[in-house]
file query-v6.cif (mmCIF, C-alpha atoms)
data_upload
#
loop_
_atom_site.label_atom_id
_atom_site.label_comp_id
_atom_site.auth_asym_id
_atom_site.auth_seq_id
_atom_site.Cartn_x
_atom_site.Cartn_y
_atom_site.Cartn_z
CA MET T 1312 -18.54 25.48 -3.78
CA LYS T 1313 -14.78 24.97 -3.57
CA LYS T 1314 -13.44 21.44 -3.15
CA ALA T 1315 -10.59 19.87 -1.22
CA ILE T 1316 -9.18 16.44 -2.05
CA ILE T 1317 -7.78 14.48 0.88
CA ILE T 1318 -5.93 11.26 0.09
CA GLY T 1319 -6.20 9.14 3.23
CA GLY T 1320 -8.98 11.29 4.64
CA SER T 1321 -11.09 8.54 6.19
CA ASN T 1322 -9.35 8.60 9.55
CA GLY T 1323 -6.70 10.27 11.67
CA ILE T 1324 -5.36 13.70 10.83
CA GLY T 1325 -6.80 13.47 7.29
CA LEU T 1326 -10.32 13.18 8.71
CA ALA T 1327 -9.64 16.00 11.19
CA LEU T 1328 -8.50 18.26 8.35
CA GLY T 1329 -11.55 17.27 6.30
CA LYS T 1330 -13.88 18.30 9.12
CA LYS T 1331 -12.10 21.64 9.53
CA LEU T 1332 -12.33 22.38 5.81
CA ALA T 1333 -15.98 21.31 5.64
CA ASP T 1334 -16.71 23.73 8.49
CA ARG T 1335 -15.15 26.43 6.29
CA GLY T 1336 -17.56 25.58 3.48
CA TYR T 1337 -15.37 23.23 1.43
CA TYR T 1338 -16.77 20.14 -0.25
CA ILE T 1339 -14.45 17.24 0.66
CA GLU T 1340 -13.43 14.54 -1.81
CA ILE T 1341 -12.04 11.66 0.26
CA CYS T 1342 -9.88 9.05 -1.47
CA ASP T 1343 -9.08 6.10 0.78
CA LYS T 1344 -9.27 2.31 1.10
CA SER T 1345 -12.13 2.57 3.60
CA CYS T 1346 -15.12 4.86 4.07
CA PRO T 1347 -14.78 7.73 6.56
CA GLU T 1348 -16.08 7.19 10.04
CA ALA T 1349 -19.83 7.84 10.10
CA GLY T 1350 -21.17 11.01 11.70
CA ILE T 1351 -17.99 13.08 11.39
CA LEU T 1352 -18.60 14.81 8.06
CA LYS T 1353 -21.94 16.18 6.91
CA PRO T 1354 -23.38 13.93 4.16
CA ASP T 1355 -23.89 16.87 1.78
CA TYR T 1356 -20.32 18.10 2.25
CA HIS T 1357 -18.25 15.09 1.26
CA HIS T 1358 -17.91 12.29 -1.27
CA TYR T 1359 -15.97 9.06 -0.81
CA ARG T 1360 -13.96 7.37 -3.57
CA TYR T 1361 -12.24 4.02 -3.13
CA CYS T 1362 -8.48 4.40 -3.57
CA ASN T 1363 -5.68 1.92 -2.95
CA LEU T 1364 -2.25 3.49 -3.43
CA LEU T 1365 -0.72 0.03 -3.82
CA ASP T 1366 -2.61 -0.17 -7.12
CA PHE T 1367 -2.20 3.38 -8.45
CA ASP T 1368 -5.24 4.69 -10.31
CA GLU T 1369 -3.85 7.28 -12.72
CA GLU T 1370 -7.26 7.82 -14.33
CA LEU T 1371 -8.83 8.75 -10.98
CA PHE T 1372 -6.25 11.38 -10.07
CA SER T 1373 -5.98 12.79 -13.58
CA HIS T 1374 -9.77 13.18 -13.60
CA LEU T 1375 -9.80 14.91 -10.20
CA ALA T 1376 -7.02 17.27 -11.31
CA LEU T 1377 -9.25 18.56 -14.14
CA ASP T 1378 -11.89 19.79 -11.69
CA THR T 1379 -11.33 23.55 -11.54
CA THR T 1380 -13.38 23.86 -8.33
CA VAL T 1381 -10.62 21.94 -6.51
CA ASP T 1382 -7.98 24.21 -5.00
CA ILE T 1383 -6.71 22.06 -2.11
CA LEU T 1384 -4.84 18.74 -2.29
CA ILE T 1385 -3.77 17.04 0.93
CA ILE T 1386 -2.05 13.65 1.12
CA THR T 1387 -2.04 12.05 4.56
CA ALA T 1388 -2.02 8.39 3.45
CA GLY T 1389 0.99 6.43 4.60
CA PHE T 1390 2.13 3.68 6.93
CA GLY T 1391 5.16 2.11 8.57
CA ARG T 1392 6.13 0.25 11.69
CA ILE T 1393 8.81 0.16 14.34
CA ALA T 1394 10.81 -2.99 13.71
CA ASP T 1395 14.38 -4.04 13.04
CA PHE T 1396 15.14 -4.12 9.32
CA GLN T 1397 15.78 -7.87 9.39
CA PHE T 1398 12.10 -8.44 10.17
CA HIS T 1399 10.78 -6.54 7.13
CA HIS T 1400 9.57 -8.83 4.37
CA LEU T 1401 10.27 -7.85 0.74
CA ALA T 1402 6.55 -7.25 0.25
CA GLU T 1403 6.42 -4.91 3.24
CA ILE T 1404 9.36 -2.89 1.92
CA ASP T 1405 7.64 -2.58 -1.43
CA GLN T 1406 4.33 -1.54 0.15
CA ILE T 1407 5.81 1.16 2.41
CA LEU T 1408 7.86 2.73 -0.38
CA THR T 1409 4.98 2.48 -2.86
CA VAL T 1410 2.41 4.19 -0.62
CA ASP T 1411 4.61 6.67 1.24
CA THR T 1412 6.83 7.75 -1.65
CA ILE T 1413 6.10 6.51 -5.16
CA SER T 1414 2.31 6.89 -5.26
CA THR T 1415 2.54 10.19 -3.38
CA ILE T 1416 4.92 11.60 -6.01
CA LYS T 1417 2.71 10.25 -8.80
CA ILE T 1418 -0.31 12.07 -7.36
CA ILE T 1419 1.65 15.33 -7.34
CA LYS T 1420 2.58 14.70 -10.97
CA CYS T 1421 -1.11 14.34 -11.89
CA PHE T 1422 -1.87 17.69 -10.23
CA TYR T 1423 1.36 19.46 -11.15
CA GLU T 1424 -0.09 21.72 -13.82
CA ARG T 1425 -2.53 23.05 -11.22
CA ILE T 1426 0.23 23.46 -8.64
CA ARG T 1427 2.56 25.19 -11.10
CA SER T 1428 -0.10 27.60 -12.41
CA SER T 1429 -0.52 31.24 -11.43
CA LEU T 1430 -3.87 30.50 -9.76
CA PRO T 1431 -3.81 29.73 -6.02
CA PHE T 1432 -3.58 26.03 -5.31
CA TYR T 1433 -2.80 24.67 -1.84
CA THR T 1434 -0.94 21.37 -1.48
CA GLY T 1435 0.14 19.57 1.67
CA ILE T 1436 1.82 16.19 2.22
CA MET T 1437 2.26 14.37 5.49
CA GLY T 1438 5.98 13.82 5.77
CA SER T 1439 7.57 12.83 9.06
CA ILE T 1440 10.33 13.89 11.40
CA SER T 1441 11.79 10.50 10.40
CA GLY T 1442 12.48 12.03 6.99
CA TRP T 1443 14.78 14.60 8.57
CA ILE T 1444 16.83 12.44 10.96
CA SER T 1445 17.98 8.84 11.16
CA THR T 1446 15.36 6.52 12.61
CA PRO T 1447 16.84 3.12 13.48
CA ALA T 1448 14.17 0.45 14.04
CA ALA T 1449 12.04 2.26 11.47
CA SER T 1450 14.58 2.31 8.65
CA VAL T 1451 12.23 1.54 5.76
CA TYR T 1452 9.65 4.09 6.90
CA ALA T 1453 12.43 6.66 7.37
CA ALA T 1454 13.76 5.97 3.87
CA ALA T 1455 10.27 6.39 2.40
CA LYS T 1456 9.64 9.66 4.22
CA ALA T 1457 13.14 10.98 3.49
CA GLY T 1458 12.42 10.41 -0.19
CA VAL T 1459 9.20 12.41 -0.18
CA VAL T 1460 10.69 15.13 2.05
CA ARG T 1461 13.58 15.67 -0.38
CA PHE T 1462 11.14 15.56 -3.28
CA MET T 1463 9.05 18.39 -1.79
CA GLU T 1464 12.15 20.43 -0.95
CA SER T 1465 13.44 20.11 -4.51
CA VAL T 1466 10.13 20.75 -6.29
CA ASN T 1467 9.45 23.84 -4.18
CA ILE T 1468 12.63 25.37 -5.60
CA GLU T 1469 11.41 24.55 -9.12
CA LEU T 1470 8.08 26.23 -8.34
CA GLU T 1471 9.86 29.32 -7.09
CA VAL T 1472 12.02 29.51 -10.22
CA ALA T 1473 8.89 29.06 -12.36
CA GLY T 1474 7.43 32.21 -10.82
CA THR T 1475 4.36 30.74 -9.12
CA SER T 1476 3.57 31.52 -5.50
CA ASN T 1477 2.17 28.00 -4.94
CA ARG T 1478 4.19 25.66 -2.76
CA ILE T 1479 3.92 22.13 -1.34
CA LEU T 1480 3.71 22.11 2.45
CA ASP T 1481 5.75 19.40 4.16
CA VAL T 1482 4.02 18.54 7.43
CA SER T 1483 6.62 16.53 9.36
CA PRO T 1484 5.42 15.58 12.84
CA ALA T 1485 6.67 12.96 15.21
CA SER T 1486 3.96 10.86 16.82
CA PHE T 1487 0.80 12.63 17.97
CA GLN T 1488 -2.25 11.52 19.88
CA GLY T 1489 -5.72 10.96 18.53
CA SER T 1490 -4.91 9.10 15.30
CA SER T 1491 -5.61 5.44 14.53
CA PHE T 1492 -2.28 5.47 12.60
CA TYR T 1493 -0.60 4.61 15.90
CA GLY T 1494 -2.90 1.71 16.71
CA GLY T 1495 -5.47 3.57 18.80
CA LYS T 1496 -8.83 5.07 17.94
CA ASN T 1497 -9.61 8.30 16.13
CA ASP T 1498 -10.16 11.18 18.53
CA LEU T 1499 -10.56 14.35 16.50
CA ALA T 1500 -10.68 16.54 19.61
CA MET T 1501 -7.08 15.55 20.39
CA MET T 1502 -6.00 16.61 16.87
CA ASP T 1503 -8.04 19.83 16.77
CA SER T 1504 -5.20 22.29 17.40
CA LEU T 1505 -2.80 20.37 15.13
CA ALA T 1506 -5.33 20.49 12.27
CA ASP T 1507 -5.74 24.25 12.78
CA GLU T 1508 -1.97 24.78 12.67
CA ILE T 1509 -1.60 22.70 9.50
CA LEU T 1510 -4.29 24.74 7.70
CA GLN T 1511 -2.69 28.01 8.81
CA HIS T 1512 0.61 26.97 7.21
CA LEU T 1513 -1.18 25.54 4.16
CA PHE T 1514 -3.02 28.77 3.35
CA ARG T 1515 0.19 30.78 3.83
CA SER T 1516 1.85 28.59 1.17
CA ASP T 1517 4.61 27.65 3.59
CA THR T 1518 7.02 24.85 2.69
CA LEU T 1519 7.65 23.22 6.07
CA PHE T 1520 5.79 22.73 9.33
CA ILE T 1521 7.29 20.62 12.10
CA PRO T 1522 4.83 20.55 15.01
CA GLN T 1523 6.43 21.41 18.38
CA TYR T 1524 9.56 22.54 16.57
CA GLU T 1525 10.68 25.25 19.00
CA GLU T 1526 9.67 23.29 22.10
CA THR T 1527 11.21 19.96 21.15
CA PHE T 1528 12.44 19.19 17.66
CA LYS T 1529 14.78 22.09 17.03
CA ALA T 1530 17.04 20.64 19.74
CA VAL T 1531 16.48 17.08 18.51
CA ILE T 1532 17.53 17.92 14.95
CA GLN T 1533 20.53 19.87 16.21
CA ARG T 1534 21.58 16.95 18.40
CA TYR T 1535 21.26 14.61 15.43
CA HIS T 1536 23.43 16.79 13.17
CA GLU T 1537 26.11 17.17 15.85
CA ASN T 1538 26.55 13.41 16.23
CA PRO T 1539 24.30 11.22 14.05
CA ARG T 1540 25.73 7.96 15.40
CA GLU T 1541 25.27 8.89 19.05
CA TYR T 1542 21.75 10.14 18.40
CA GLY T 1543 20.89 7.00 16.43
CA ILE T 1544 21.99 4.69 19.25
CA TYR T 1545 19.98 6.74 21.75
CA SER T 1546 16.94 6.62 19.46
CA TYR T 1547 17.19 2.85 18.98
CA ASN T 1548 17.61 2.12 22.69
CA TYR T 1549 14.68 4.38 23.53
CA LYS T 1550 12.37 2.45 21.21
CA LYS T 1551 13.65 -0.90 22.48
CA ASN T 1552 13.46 -0.04 26.18
CA SER T 1553 10.00 1.50 25.85
CA GLY T 1554 8.64 -1.70 24.31
CA ARG T 1555 7.84 -0.10 20.96
CA LEU T 1556 9.74 -2.61 18.82
CA ASP T 1557 7.40 -4.91 16.91
CA ASN T 1558 9.47 -7.62 15.28
CA SER T 1559 6.52 -9.92 14.61
CA LYS T 1560 5.50 -11.07 11.16
CA HIS T 1561 3.18 -8.57 9.48
CA ILE T 1562 2.94 -9.98 5.97
CA LYS T 1563 0.45 -12.57 4.76
CA ILE T 1564 2.03 -14.93 2.20
CA GLY T 1565 -0.27 -16.71 -0.23
CA TYR T 1566 0.40 -19.71 -2.45
CA LEU T 1567 -1.43 -21.38 -5.31
CA SER T 1568 -0.36 -23.83 -7.97
CA GLY T 1569 -1.60 -24.54 -11.46
CA THR T 1570 -0.67 -25.43 -15.00
CA PHE T 1571 -1.64 -22.06 -16.51
CA ASP T 1572 -1.61 -23.45 -20.02
CA LEU T 1573 -3.24 -21.25 -22.69
CA PHE T 1574 -3.38 -18.33 -20.24
CA HIS T 1575 -6.79 -16.62 -20.22
CA VAL T 1576 -8.95 -14.23 -18.18
CA GLY T 1577 -10.02 -17.02 -15.82
CA HIS T 1578 -6.40 -17.43 -14.76
CA LEU T 1579 -6.09 -13.66 -14.39
CA ASN T 1580 -9.17 -13.48 -12.17
CA LEU T 1581 -7.82 -16.29 -10.01
CA LEU T 1582 -4.52 -14.49 -9.47
CA TYR T 1583 -6.32 -11.20 -8.76
CA ARG T 1584 -8.62 -12.75 -6.17
CA ALA T 1585 -5.70 -14.48 -4.47
CA LYS T 1586 -3.64 -11.28 -4.27
CA GLN T 1587 -6.62 -9.47 -2.73
CA GLN T 1588 -6.26 -11.80 0.27
CA CYS T 1589 -2.51 -11.69 0.79
CA ASP T 1590 0.46 -9.34 0.64
CA TYR T 1591 2.88 -11.60 -1.22
CA LEU T 1592 1.63 -14.15 -3.74
CA ILE T 1593 3.77 -17.13 -4.73
CA VAL T 1594 2.58 -19.17 -7.72
CA GLY T 1595 3.79 -22.68 -8.43
CA VAL T 1596 3.60 -23.70 -12.10
CA HIS T 1597 3.25 -27.41 -12.87
CA ARG T 1598 5.74 -29.09 -15.18
CA ASP T 1599 2.90 -30.47 -17.33
CA GLY T 1600 -0.76 -31.39 -17.22
CA LYS T 1601 -0.38 -35.14 -16.80
CA TRP T 1602 -1.74 -35.03 -13.25
CA LYS T 1603 -5.03 -33.95 -14.84
CA GLY T 1604 -4.66 -36.26 -17.78
CA LYS T 1605 -4.19 -33.35 -20.18
CA LYS T 1606 -1.50 -32.32 -22.63
CA THR T 1607 0.07 -28.86 -22.28
CA PHE T 1608 0.56 -26.72 -25.39
CA ILE T 1609 3.05 -24.24 -23.91
CA PRO T 1610 6.42 -25.24 -22.33
CA GLN T 1611 6.74 -24.76 -18.58
CA GLU T 1612 9.38 -22.01 -18.74
CA GLU T 1613 7.19 -19.99 -21.08
CA ARG T 1614 4.17 -20.49 -18.83
CA LYS T 1615 6.25 -19.32 -15.86
CA ALA T 1616 7.31 -16.22 -17.81
CA ILE T 1617 3.68 -15.44 -18.65
CA VAL T 1618 2.52 -15.81 -15.03
CA SER T 1619 5.45 -13.78 -13.66
CA ALA T 1620 4.48 -10.90 -15.96
CA CYS T 1621 1.16 -10.54 -14.12
CA LYS T 1622 1.24 -7.61 -11.67
CA TYR T 1623 -0.62 -9.63 -9.02
CA VAL T 1624 2.15 -12.22 -8.79
CA ASP T 1625 5.24 -11.62 -6.63
CA LYS T 1626 7.16 -14.84 -7.16
CA VAL T 1627 6.89 -17.75 -9.62
CA VAL T 1628 8.38 -21.16 -8.77
CA ASP T 1629 8.28 -24.72 -10.04
CA SER T 1630 5.38 -26.37 -8.26
CA CYS T 1631 6.03 -29.18 -5.80
CA TYR T 1632 4.37 -32.55 -6.17
CA GLU T 1633 2.25 -31.67 -3.14
CA ASP T 1634 1.20 -28.18 -1.99
CA SER T 1635 2.14 -29.26 1.53
CA ASP T 1636 5.71 -29.74 0.28
CA ALA T 1637 5.64 -26.13 -0.96
CA TRP T 1638 4.81 -24.97 2.57
CA GLU T 1639 8.08 -26.48 3.79
CA LEU T 1640 9.86 -24.16 1.35
CA TRP T 1641 7.80 -20.95 1.55
CA HIS T 1642 5.91 -21.09 4.87
CA TYR T 1643 2.83 -19.47 3.37
CA ASP T 1644 -0.21 -18.38 5.41
CA LYS T 1645 -2.92 -19.05 2.82
CA LEU T 1646 -3.34 -21.80 0.23
CA PHE T 1647 -5.68 -20.92 -2.64
CA VAL T 1648 -7.47 -23.60 -4.66
CA GLY T 1649 -10.65 -24.17 -6.63
CA SER T 1650 -13.76 -25.18 -4.71
CA ASP T 1651 -14.06 -28.43 -6.68
CA TYR T 1652 -11.20 -29.79 -4.55
CA LYS T 1653 -13.04 -29.21 -1.27
CA GLY T 1654 -13.87 -32.54 0.37
CA SER T 1655 -11.41 -34.49 -1.77
CA GLU T 1656 -9.14 -37.00 -0.05
CA ARG T 1657 -6.11 -34.90 -0.99
CA PHE T 1658 -7.44 -31.72 0.60
CA LYS T 1659 -8.83 -33.50 3.63
CA ARG T 1660 -5.23 -34.59 4.14
CA TYR T 1661 -4.03 -30.99 3.64
CA GLU T 1662 -6.55 -29.64 6.14
CA GLU T 1663 -5.25 -32.08 8.73
CA TYR T 1664 -1.63 -31.29 7.88
CA PHE T 1665 -2.12 -27.52 8.17
CA GLU T 1666 -4.21 -27.64 11.32
CA ASP T 1667 -1.29 -26.84 13.65
CA LYS T 1668 0.50 -24.55 11.18
CA LYS T 1669 -2.03 -21.68 11.12
CA VAL T 1670 -2.51 -22.03 7.36
CA GLU T 1671 -5.91 -21.16 5.90
CA ILE T 1672 -7.09 -23.02 2.82
CA VAL T 1673 -9.20 -20.69 0.70
CA TYR T 1674 -11.54 -22.42 -1.75
CA PHE T 1675 -12.43 -20.21 -4.71
CA PRO T 1676 -15.65 -21.06 -6.59
CA TYR T 1677 -15.06 -21.45 -10.29
CA THR T 1678 -16.64 -18.73 -12.41
CA GLN T 1679 -18.35 -19.29 -15.73
CA GLY T 1680 -16.50 -18.12 -18.82
CA THR T 1681 -13.33 -18.87 -20.68
CA SER T 1682 -11.46 -22.00 -19.64
CA SER T 1683 -8.42 -23.88 -20.90
CA SER T 1684 -10.63 -26.88 -21.57
CA GLU T 1685 -12.92 -24.80 -23.79
CA ILE T 1686 -9.93 -23.34 -25.65
CA ARG T 1687 -8.57 -26.87 -26.23
CA ARG T 1688 -11.94 -27.99 -27.52
CA VAL T 1689 -12.06 -25.10 -30.01
CA ILE T 1690 -8.49 -25.82 -31.13
CA ASP T 1691 -9.25 -29.52 -31.61
CA GLU T 1692 -12.36 -28.71 -33.62
CA TYR T 1693 -10.36 -26.30 -35.78
CA ILE T 1694 -7.62 -28.86 -36.38
CA ASN T 1695 -10.07 -31.64 -37.13
#

call {"tool": "encode", "arguments": {"input": "query-v6.cif", "output": "structure tokens"}}
result
Amino acid sequence: MKKAIIIGGSNGIGLALGKKLADRGYYIEICDKSCPEAGILKPDYHHYRYCNLLDFDEELFSHLALDTTVDILIITAGFGRIADFQFHHLAEIDQILTVDTISTIKIIKCFYERIRSSLPFYTGIMGSISGWISTPAASVYAAAKAGVVRFMESVNIELEVAGTSNRILDVSPASFQGSSFYGGKNDLAMMDSLADEILQHLFRSDTLFIPQYEETFKAVIQRYHENPREYGIYSYNYKKNSGRLDNSKHIKIGYLSGTFDLFHVGHLNLLYRAKQQCDYLIVGVHRDGKWKGKKTFIPQEERKAIVSACKYVDKVVDSCYEDSDAWELWHYDKLFVGSDYKGSERFKRYEEYFEDKKVEIVYFPYTQGTSSSEIRRVIDEYIN
């Protein structure tokens, strides 16, 4: 049985394409952050693998690329929002570019030997009309999609020069109905004809498919090229006047503080668990361990350098005397701390302070294993 890999195939157009291919006898490998909606795909015709493109799993994609029964790769994963650039947090910019561009290109790299070979291999990536024209009020999303659109255009020339008939199909729609991508619910019936059209272009090894091109977007693209500024102002005003601008805060900021002396796996697990619950993690490093009655072995600047090297940490700062003081500086949404502080006078005070600030205090239970105290004990025994 031939296989198709769909990155982002648990909902929207990815799920619609998966159903179409399963009906054609393909076994579907779905890679996504969530499981596909139940009852859409036959249990014996698909397999789900957890995949988060913000934490690229090279081993997963390299392994899938070695499966010779796979001859279709479709990437529909991606996200963005309609908002003025000033309201995009640094973390949001990083996430959009990572998922929509960087991880997408990395996946193609993992499969490139298959794509470049003489054997038929069908590849499609969900681009966007935003990658072909300016899209004010969606500037970061447009930049991400423009990057992947130009990547496909360039690599397709390389494939042609290499002598293979395989190509990467750029599917660049505007908005379309039936997908949860736009905030609604999945309705595969509304995407049925679009999915059919995409597969027709995919199996022809075409390089570009813009849905409703002749009816709508041929004129739109021409208008854009004739006067980009005029088109951009029209596009921005249309989004604003139609109520599509969403300039609200979309990023969850987390904060935790600690000494992080003698850095060990317990510290690493703490940082990992915190980052799982926020988009942007700020870590305050204490000047010393006197507040716990302990001596620190490593200078603060070195401890800050060690913590900042961890991929789960976005920003390292000098800790404030009180975590509530840190909120005045960083306006975080979640405060992470060990469960042994729950019920203490200090954190009762924090809970009262944060009550009207919409800050959640997350108490992490301590796990058994390596600890700084145990390392100190071993060092003291060795010295003595």

call {"tool": "atom_distance", "arguments": {"input": "query-v6.cif", "atom1": "CA of Asp1590 (chain T)", "atom2": "CA of Gly1325 (chain T)"}}
result
24.8 Å

call {"tool": "residues_around", "arguments": {"input": "query-v6.cif", "residues": "region 1331-1340 of chain T", "least_positions_apart": "5", "cutoff": "7 Å", "atoms": "all atoms listed in the file", "output": "PDB file with C-alpha atoms, keeping the file's coordinate frame"}}
result
ATOM      1  CA  MET T1312     -18.540  25.480  -3.780  1.00  0.00           C
ATOM      2  CA  LYS T1313     -14.780  24.970  -3.570  1.00  0.00           C
ATOM      3  CA  LYS T1314     -13.440  21.440  -3.150  1.00  0.00           C
ATOM      4  CA  ALA T1315     -10.590  19.870  -1.220  1.00  0.00           C
ATOM      5  CA  ILE T1316      -9.180  16.440  -2.050  1.00  0.00           C
ATOM      6  CA  ILE T1317      -7.780  14.480   0.880  1.00  0.00           C
ATOM      7  CA  TYR T1356     -20.320  18.100   2.250  1.00  0.00           C
ATOM      8  CA  HIS T1357     -18.250  15.090   1.260  1.00  0.00           C
ATOM      9  CA  HIS T1358     -17.910  12.290  -1.270  1.00  0.00           C
ATOM     10  CA  TYR T1359     -15.970   9.060  -0.810  1.00  0.00           C
TER      11      TYR T1359
END

call {"tool": "resolve_selection", "arguments": {"input": "query-v6.cif", "expression": "the PyMOL selection byres ((chain T and resi 1401) around 10)", "output": "PyMOL selection string"}}
result
chain T and resi 1398-1400+1402-1406+1562+1590-1591+1625

call {"tool": "closest_residue", "arguments": {"input": "query-v6.cif", "among": "T:Leu1377, T:Ala1448, T:Ile1440, T:Ala1506", "to": "Tyr1547 (chain T)", "atoms": "only C-alpha atoms"}}
result
T:Ala1448

call {"tool": "closest_atom_pairs", "arguments": {"input": "query-v6.cif", "of": "region 1469-1587 of chain T", "to": "region 1611-1617 of chain T", "cutoff": "8 Å", "atoms": "all atoms listed in the file", "output": "tab-separated table"}}
result
residue	atom	partner	partner_atom	distance
T:Thr1570	CA	T:Arg1614	CA	7.9
T:Phe1571	CA	T:Arg1614	CA	6.5
T:Asp1572	CA	T:Arg1614	CA	6.6
T:Phe1574	CA	T:Ile1617	CA	7.8

call {"tool": "residues_around", "arguments": {"input": "query-v6.cif", "residues": "Ile1351 (chain T)", "least_positions_apart": "5", "cutoff": "12 Å", "atoms": "all atoms listed in the file", "output": "list in words"}}
result
Gly1320, Ser1321, Asn1322, Gly1323, Gly1325, Leu1326, Ala1327, Leu1328, Gly1329, Lys1330, Lys1331, Ala1333, Asp1334, Cys1346, Tyr1356, His1357, Asn1497, Asp1498, Leu1499 and Ala1500 of chain T

call {"tool": "resolve_selection", "arguments": {"input": "query-v6.cif", "expression": "the PyMOL selection byres ((chain T and resi 1542) around 12)", "output": "list in words"}}
result
Ile1444, Ser1445, Thr1446, Pro1447, Ala1530, Val1531, Ile1532, Gln1533, Arg1534, Tyr1535, His1536, Glu1537, Asn1538, Pro1539, Arg1540, Glu1541, Gly1543, Ile1544, Tyr1545, Ser1546, Tyr1547, Asn1548 and Tyr1549 of chain T

call {"tool": "closest_residue", "arguments": {"input": "query-v6.cif", "among": "T:Ala1449, T:Ala1388, T:Ile1419, T:Ile1383", "to": "Pro1431 (chain T)", "atoms": "all atoms listed in the file"}}
result
T:Ile1383

call {"tool": "atom_distance", "arguments": {"input": "query-v6.cif", "atom1": "CA of Lys1626 (chain T)", "atom2": "CA of Ala1585 (chain T)"}}
result
13.1 Å

call {"tool": "resolve_selection", "arguments": {"input": "query-v6.cif", "expression": "the PyMOL selection byres ((chain T and resi 1580) around 12)", "output": "mmCIF file with C-alpha atoms, keeping the file's coordinate frame"}}
result
data_model
loop_
_atom_site.group_PDB
_atom_site.id
_atom_site.type_symbol
_atom_site.label_atom_id
_atom_site.label_comp_id
_atom_site.auth_asym_id
_atom_site.auth_seq_id
_atom_site.Cartn_x
_atom_site.Cartn_y
_atom_site.Cartn_z
ATOM 1 C CA PHE T 1574 -3.380 -18.330 -20.240
ATOM 2 C CA HIS T 1575 -6.790 -16.620 -20.220
ATOM 3 C CA VAL T 1576 -8.950 -14.230 -18.180
ATOM 4 C CA GLY T 1577 -10.020 -17.020 -15.820
ATOM 5 C CA HIS T 1578 -6.400 -17.430 -14.760
ATOM 6 C CA LEU T 1579 -6.090 -13.660 -14.390
ATOM 7 C CA LEU T 1581 -7.820 -16.290 -10.010
ATOM 8 C CA LEU T 1582 -4.520 -14.490 -9.470
ATOM 9 C CA TYR T 1583 -6.320 -11.200 -8.760
ATOM 10 C CA ARG T 1584 -8.620 -12.750 -6.170
ATOM 11 C CA ALA T 1585 -5.700 -14.480 -4.470
ATOM 12 C CA LYS T 1586 -3.640 -11.280 -4.270
ATOM 13 C CA GLN T 1587 -6.620 -9.470 -2.730
ATOM 14 C CA CYS T 1621 1.160 -10.540 -14.120
ATOM 15 C CA LYS T 1622 1.240 -7.610 -11.670
ATOM 16 C CA TYR T 1623 -0.620 -9.630 -9.020
ATOM 17 C CA VAL T 1624 2.150 -12.220 -8.790
ATOM 18 C CA PHE T 1675 -12.430 -20.210 -4.710
ATOM 19 C CA PRO T 1676 -15.650 -21.060 -6.590
ATOM 20 C CA TYR T 1677 -15.060 -21.450 -10.290
ATOM 21 C CA THR T 1678 -16.640 -18.730 -12.410
ATOM 22 C CA GLN T 1679 -18.350 -19.290 -15.730
ATOM 23 C CA GLY T 1680 -16.500 -18.120 -18.820
ATOM 24 C CA THR T 1681 -13.330 -18.870 -20.680
ATOM 25 C CA SER T 1682 -11.460 -22.000 -19.640
#

call {"tool": "closest_residue", "arguments": {"input": "query-v6.cif", "among": "T:Phe1462, T:Phe1367, T:Phe1487, T:Phe1514", "to": "Met1502 (chain T)", "atoms": "all atoms listed in the file"}}
result
T:Phe1487

call {"tool": "atom_distance", "arguments": {"input": "query-v6.cif", "atom1": "CA of Leu1470 (chain T)", "atom2": "CA of Ile1426 (chain T)"}}
result
8.3 Å

call {"tool": "closest_residue", "arguments": {"input": "query-v6.cif", "among": "T:Ala1453, T:Thr1434, T:Phe1528, T:Ile1564", "to": "Ser1516 (chain T)", "atoms": "only C-alpha atoms"}}
result
T:Thr1434

call {"tool": "closest_residue", "arguments": {"input": "query-v6.cif", "among": "T:Ala1620, T:Leu1371, T:Met1463, T:Leu1556", "to": "Thr1415 (chain T)", "atoms": "only C-alpha atoms"}}
result
T:Met1463

call {"tool": "closest_residue", "arguments": {"input": "query-v6.cif", "among": "T:Asn1558, T:Thr1527, T:Thr1518, T:Lys1456", "to": "Asp1481 (chain T)", "atoms": "all atoms listed in the file"}}
result
T:Thr1518

call {"tool": "axis_aligned_box", "arguments": {"input": "query-v6.cif", "around": "region 1370-1375 of chain T", "padding_each_side": "6 Å", "output": "AutoDock Vina command-line options"}}
result
--center_x -7.9 --center_y 11.4 --center_z -12.2 --size_x 15.8 --size_y 19.1 --size_z 16.3

call {"tool": "residues_around", "arguments": {"input": "query-v6.cif", "residues": "Glu1662 (chain T)", "least_positions_apart": "4", "cutoff": "12 Å", "atoms": "only C-alpha atoms", "output": "ChimeraX atom specification"}}
result
/T:1634-1635,1645-1646,1652-1658,1666-1674

call {"tool": "write_last_selection", "arguments": {"input": "query-v6.cif", "atoms": "C-alpha atoms", "output": "short mmCIF file (atom, residue, chain, number, x, y, z; two decimals), in the frame of the given file"}}
result
data_model
loop_
_atom_site.label_atom_id
_atom_site.label_comp_id
_atom_site.auth_asym_id
_atom_site.auth_seq_id
_atom_site.Cartn_x
_atom_site.Cartn_y
_atom_site.Cartn_z
CA ASP T 1634 1.20 -28.18 -1.99
CA SER T 1635 2.14 -29.26 1.53
CA LYS T 1645 -2.92 -19.05 2.82
CA LEU T 1646 -3.34 -21.80 0.23
CA TYR T 1652 -11.20 -29.79 -4.55
CA LYS T 1653 -13.04 -29.21 -1.27
CA GLY T 1654 -13.87 -32.54 0.37
CA SER T 1655 -11.41 -34.49 -1.77
CA GLU T 1656 -9.14 -37.00 -0.05
CA ARG T 1657 -6.11 -34.90 -0.99
CA PHE T 1658 -7.44 -31.72 0.60
CA GLU T 1666 -4.21 -27.64 11.32
CA ASP T 1667 -1.29 -26.84 13.65
CA LYS T 1668 0.50 -24.55 11.18
CA LYS T 1669 -2.03 -21.68 11.12
CA VAL T 1670 -2.51 -22.03 7.36
CA GLU T 1671 -5.91 -21.16 5.90
CA ILE T 1672 -7.09 -23.02 2.82
CA VAL T 1673 -9.20 -20.69 0.70
CA TYR T 1674 -11.54 -22.42 -1.75
#
